[in-house]
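Trainee: protein-v3.txt is reproduced below (compact mmCIF, C-alpha atoms).
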# COMPACT_ATOMS: atom_id res chain seq x y z
CA MET A 1 2.66 21.20 -18.64
CA PRO A 2 1.21 17.92 -17.35
CA LEU A 3 -2.38 17.16 -18.30
CA PRO A 4 -3.53 14.58 -15.73
CA PHE A 5 -6.96 14.21 -17.30
CA LEU A 6 -5.38 12.99 -20.54
CA THR A 7 -3.98 9.73 -19.16
CA ALA A 8 -5.07 7.07 -16.80
CA ASP A 9 -1.73 7.42 -14.96
CA GLY A 10 -0.36 4.33 -16.72
CA VAL A 11 -1.24 2.19 -13.71
CA PHE A 12 -4.09 0.40 -15.46
CA ASP A 13 -1.76 -1.28 -17.94
CA ALA A 14 0.68 -2.43 -15.30
CA HIS A 15 -1.96 -3.95 -13.01
CA GLU A 16 -4.66 -5.36 -15.26
CA ASP A 17 -5.52 -8.19 -12.87
CA GLU A 18 -6.29 -5.90 -9.92
CA ALA A 19 -9.72 -4.34 -9.61
CA LEU A 20 -8.52 -0.94 -8.40
CA PRO A 21 -4.91 -0.34 -9.45
CA HIS A 22 -4.30 3.16 -8.16
CA ALA A 23 -1.87 4.87 -5.87
CA ASP A 24 -4.09 7.67 -4.54
CA PRO A 25 -7.71 6.55 -4.39
CA GLU A 26 -9.06 9.82 -2.98
CA ARG A 27 -9.03 11.77 -6.23
CA TRP A 28 -11.31 11.56 -9.25
CA ARG A 29 -9.83 9.45 -12.04
CA ARG A 30 -10.89 8.14 -15.40
CA PRO A 31 -10.46 4.33 -15.49
CA TYR A 32 -9.51 4.36 -19.18
CA ARG A 33 -7.54 6.43 -21.67
CA PRO A 34 -9.27 8.84 -24.03
CA GLY A 35 -9.86 7.24 -27.41
CA PRO A 36 -8.29 8.26 -30.71
CA TRP A 37 -11.47 9.94 -31.97
CA ARG A 38 -11.66 12.16 -28.89
CA VAL A 39 -7.98 13.04 -29.07
CA ALA A 40 -8.15 13.69 -32.83
CA GLY A 41 -11.13 16.02 -32.41
CA ALA A 42 -9.37 17.96 -29.67
CA ALA A 43 -6.16 18.12 -31.72
CA LEU A 44 -8.09 19.48 -34.70
CA LEU A 45 -9.65 22.17 -32.50
CA LEU A 46 -6.23 23.08 -31.09
CA LEU A 47 -4.88 23.36 -34.64
CA VAL A 48 -7.73 25.71 -35.56
CA SER A 49 -7.07 27.74 -32.40
CA ALA A 50 -3.40 28.09 -33.35
CA PHE A 51 -4.43 29.68 -36.64
CA MET A 52 -6.91 31.87 -34.78
CA LEU A 53 -4.15 33.04 -32.41
CA LEU A 54 -1.92 33.81 -35.39
CA ALA A 55 -4.78 35.84 -36.88
CA THR A 56 -5.13 37.62 -33.54
CA VAL A 57 -1.47 38.68 -33.66
CA ILE A 58 -1.83 39.89 -37.25
CA ILE A 59 -4.96 41.86 -36.38
CA ALA A 60 -3.21 43.38 -33.36
CA PHE A 61 -0.24 44.49 -35.46
CA ALA A 62 -2.65 46.02 -37.97
CA GLY A 63 -3.82 48.26 -35.17
CA THR A 64 -7.43 47.20 -34.66
CA TRP A 65 -7.45 46.32 -30.98
CA ALA A 66 -11.16 45.59 -30.80
CA GLY A 67 -10.86 43.03 -33.58
CA ALA A 68 -7.78 41.50 -31.93
CA ALA A 69 -9.61 41.18 -28.63
CA GLY A 70 -12.56 39.50 -30.34
CA ALA A 71 -10.32 37.08 -32.24
CA GLY A 72 -8.34 36.32 -29.07
CA ALA A 73 -11.51 35.62 -27.12
CA ALA A 74 -12.79 33.34 -29.89
CA SER A 75 -9.52 31.40 -29.94
CA LEU A 76 -9.65 30.99 -26.16
CA LEU A 77 -13.18 29.59 -26.49
CA VAL A 78 -11.95 27.05 -29.04
CA ILE A 79 -9.07 26.05 -26.72
CA GLY A 80 -11.56 25.67 -23.86
CA ALA A 81 -13.78 23.48 -26.06
CA ALA A 82 -10.81 21.26 -26.93
CA LEU A 83 -9.92 20.82 -23.27
CA ARG A 84 -13.54 20.07 -22.38
CA ILE A 85 -13.67 17.41 -25.10
CA LEU A 86 -10.59 15.78 -23.58
CA ARG A 87 -12.08 15.94 -20.08
CA ALA A 88 -15.40 14.34 -21.09
CA GLY A 89 -16.03 10.79 -19.95
CA VAL A 90 -16.64 8.77 -16.81
CA TRP A 91 -14.71 9.54 -13.65
CA VAL A 92 -14.74 7.52 -10.43
CA SER A 93 -13.56 8.06 -6.87
CA PRO A 94 -14.36 6.60 -3.45
CA SER A 95 -17.02 9.28 -3.06
CA GLY A 96 -18.97 8.48 -6.23
CA LEU A 97 -19.38 8.32 -9.96
CA ARG A 98 -19.17 11.32 -12.28
CA HIS A 99 -20.26 11.58 -15.92
CA VAL A 100 -18.64 14.59 -17.58
CA GLY A 101 -20.22 15.72 -20.84
CA PHE A 102 -19.32 18.61 -23.10
CA LEU A 103 -21.81 21.00 -21.51
CA SER A 104 -22.80 19.30 -18.26
CA THR A 105 -21.47 17.18 -15.42
CA ARG A 106 -23.53 14.79 -13.34
CA SER A 107 -22.27 13.19 -10.12
CA LEU A 108 -23.80 10.42 -8.05
CA ARG A 109 -22.64 9.26 -4.64
CA TRP A 110 -22.10 5.52 -4.38
CA SER A 111 -24.96 5.36 -1.88
CA GLU A 112 -27.27 6.61 -4.68
CA VAL A 113 -26.15 3.93 -7.14
CA GLU A 114 -28.26 0.78 -7.28
CA GLY A 115 -26.13 -0.98 -9.87
CA VAL A 116 -23.79 -0.62 -12.83
CA ARG A 117 -24.09 -3.10 -15.68
CA THR A 118 -23.24 -3.63 -19.32
CA VAL A 119 -26.22 -4.11 -21.62
CA GLN A 120 -26.76 -4.77 -25.31
CA GLN A 121 -28.86 -1.96 -26.81
CA PRO A 122 -28.98 0.58 -29.65
CA VAL A 123 -26.28 3.20 -29.04
CA ARG A 124 -25.36 6.44 -30.77
CA TRP A 125 -22.42 6.26 -33.17
CA LEU A 126 -19.77 8.85 -32.11
CA GLY A 127 -22.51 10.81 -30.33
CA LEU A 128 -24.34 11.50 -33.59
CA PRO A 129 -28.08 10.88 -34.06
CA ARG A 130 -27.42 7.64 -35.99
CA THR A 131 -27.86 4.56 -33.79
CA VAL A 132 -26.30 1.13 -34.17
CA GLN A 133 -26.54 -2.04 -32.12
CA GLY A 134 -23.83 -2.08 -29.46
CA GLN A 135 -22.95 -2.34 -25.80
CA ALA A 136 -23.50 0.32 -23.17
CA VAL A 137 -22.59 0.66 -19.51
CA THR A 138 -25.64 1.93 -17.63
CA VAL A 139 -26.27 3.05 -14.07
CA ALA A 140 -29.44 2.38 -12.14
CA GLY A 141 -29.92 4.87 -9.33
CA ARG A 142 -31.98 4.46 -6.19
CA GLY A 143 -35.39 6.05 -6.56
CA GLY A 144 -35.15 6.24 -10.36
CA ALA A 145 -32.26 8.73 -10.35
CA GLY A 146 -29.27 8.02 -12.47
CA ILE A 147 -27.34 8.48 -15.63
CA PRO A 148 -28.87 6.40 -18.42
CA VAL A 149 -25.68 5.63 -20.39
CA LEU A 150 -22.12 6.07 -19.14
CA LEU A 151 -20.05 4.46 -21.87
CA THR A 152 -20.76 2.91 -25.25
CA ASP A 153 -18.58 0.78 -27.47
CA HIS A 154 -19.36 3.13 -30.39
CA GLY A 155 -18.42 6.36 -28.58
CA ALA A 156 -15.40 8.57 -29.18
CA ASP A 157 -13.32 6.61 -26.68
CA PHE A 158 -14.02 3.04 -27.78
CA LEU A 159 -14.93 2.96 -31.48
CA SER A 160 -13.10 -0.06 -32.96
CA ARG A 161 -11.51 -0.75 -29.55
CA GLY A 162 -13.67 -3.56 -28.14
CA GLU A 163 -11.05 -4.84 -25.71
CA ALA A 164 -10.55 -1.35 -24.26
CA PHE A 165 -14.32 -1.01 -23.80
CA ASP A 166 -14.52 -4.34 -21.97
CA ARG A 167 -11.63 -3.35 -19.71
CA ALA A 168 -13.16 0.08 -18.95
CA ALA A 169 -16.60 -1.42 -18.28
CA GLY A 170 -15.00 -3.91 -15.92
CA GLN A 171 -13.14 -1.14 -14.10
CA VAL A 172 -16.28 0.97 -13.61
CA GLU A 173 -18.23 -2.08 -12.43
CA ALA A 174 -15.40 -2.98 -10.02
CA TRP A 175 -15.42 0.52 -8.52
CA ALA A 176 -19.20 0.32 -8.16
CA GLU A 177 -19.12 -3.08 -6.46
CA GLU A 178 -16.37 -2.11 -4.04
CA TYR A 179 -17.66 1.30 -3.01
CA ARG A 180 -21.39 0.51 -3.07
CA ALA A 181 -20.68 -2.18 -0.48
CA VAL A 182 -18.68 0.29 1.65
CA SER A 183 -21.32 3.04 1.48
CA ALA A 184 -24.29 0.73 2.11
Just give me the structure as structure tokens.

Mentor:
Amino acid sequence: MPLPFLTADGVFDAHEDEALPHADPERWRRPYRPGPWRVAGAALLLLVSAFMLLATVIIAFAGTWAGAAGAGAASLLVIGAALRILRAGVWVSPSGLRHVGFLSTRSLRWSEVEGVRTVQQPVRWLGLPRTVQGQAVTVAGRGGAGIPVLLTDHGADFLSRGEAFDRAAGQVEAWAEEYRAVSA
């Protein structure tokens, strides 16, 4: 089963010098690959859900259908959480910019975006309350609207991958420059 949200279609490695290396620009795409911390967290949740599904089968064979249904529902919630973790990140398309979090999604049209830039500031380490000095890609929206931080170099996608962060920040800024000019 293909999982298109898991890869960046491989086109970003083949065309690093182009600003927008994509075949079908009309769909939402993530301009970078998910990082090892994000993939490891999702894999751990999927491993836990496999054990939960095995427990569901054992409970069902024991004859307690209510318990099996509860365990099955819990395992499906864990699978959904793993998929949502993999889907989280920044997505771009000709229509706008989308920041997908674990519990929420925020979209801005390019006409609402004032600018996208990389700044040096305190950032959260792997999304935890601890902050460290790092780089962040921020969006300034027209009229004060916007998403404060899109990407950080200490997040689950870019921890210890500085070159990947720089490439992803450049891709998001390139999309913003190209499509803000078109929508203005």

Trainee: Let me make sure I understand: among A:Gly143, A:Gly63, A:Gly96, A:Gly127, which one has the smallest atom-to-atom distance to Ala156 (chain A) if we use all atoms listed in the file?

Mentor: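 Smallest separation from Ala156 (chain A) among the options: A:Gly127.
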
Trainee: Kindly give the distance, in Å, that separates CA of Leu53 (chain A) and CA of Val100 (chain A), rounded to a single decimal.

Mentor: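 That distance, rounded to one decimal, is 27.8 Å.
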
Trainee: Please work out which residues fall within 12 Å of (-12.3, 1.0, -27.2), coordinates as given in the file, with only C-alpha atoms counting, and return them as a PyMOL selection string.

Mentor: chain A and resi 32-38+126+135-136+151-169

Trainee: Out of A:Val139, A:Val90, A:Ala181, A:Leu97, which residue has the shortest atom-to-atom distance to Pro31 (chain A) when counting only C-alpha atoms?

Mentor: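 Using only C-alpha atoms, the shortest distance to Pro31 (chain A) belongs to A:Val90.
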
Trainee: Using only C-alpha atoms, which residues sit within 10 Å of Arg109 (chain A) once same-chain residues fewer than 6 positions away are excluded, as a count of residues only?

Mentor: 11

Trainee: Name the closest residue to Leu86 (chain A) among the candidates A:Leu47, A:Val119, A:Ala40, A:Ala55; distances are taken between atoms, counting all atoms listed in the file.

Mentor: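 Of A:Leu47, A:Val119, A:Ala40, A:Ala55, the one nearest Leu86 (chain A), counting all atoms listed in the file, is A:Ala40.
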
Trainee: Take CA of Gly89 (chain A) and CA of Thr138 (chain A) and report the distance between them in Å, one decimal.

Mentor: 13.3 Å

Trainee: Fewer than 5 positions away in the same chain doesn't count, so skip those; otherwise give me all residues within 8 Å of Ala42 (chain A), counting all atoms listed in the file, as a PyMOL selection string.

Mentor: chain A and resi 81-83+85-86

Trainee: For C-alpha atoms, I'd like the residues from the last selection saved as a PDB file, in the frame of the given file.

Mentor:
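Resulting contents of out-v7.pdb:
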ATOM      1  CA  ALA A  81     -13.780  23.480 -26.060  1.00  0.00           C
ATOM      2  CA  ALA A  82     -10.810  21.260 -26.930  1.00  0.00           C
ATOM      3  CA  LEU A  83      -9.920  20.820 -23.270  1.00  0.00           C
ATOM      4  CA  ILE A  85     -13.670  17.410 -25.100  1.00  0.00           C
ATOM      5  CA  LEU A  86     -10.590  15.780 -23.580  1.00  0.00           C
TER       6      LEU A  86
END

Trainee: Enter the distance from CA of Ile79 (chain A) to CA of Ala62 (chain A), in Å, rounded to one decimal.

Mentor: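 Calculated distance between CA of Ile79 (chain A) and CA of Ala62 (chain A) is 23.8 Å.
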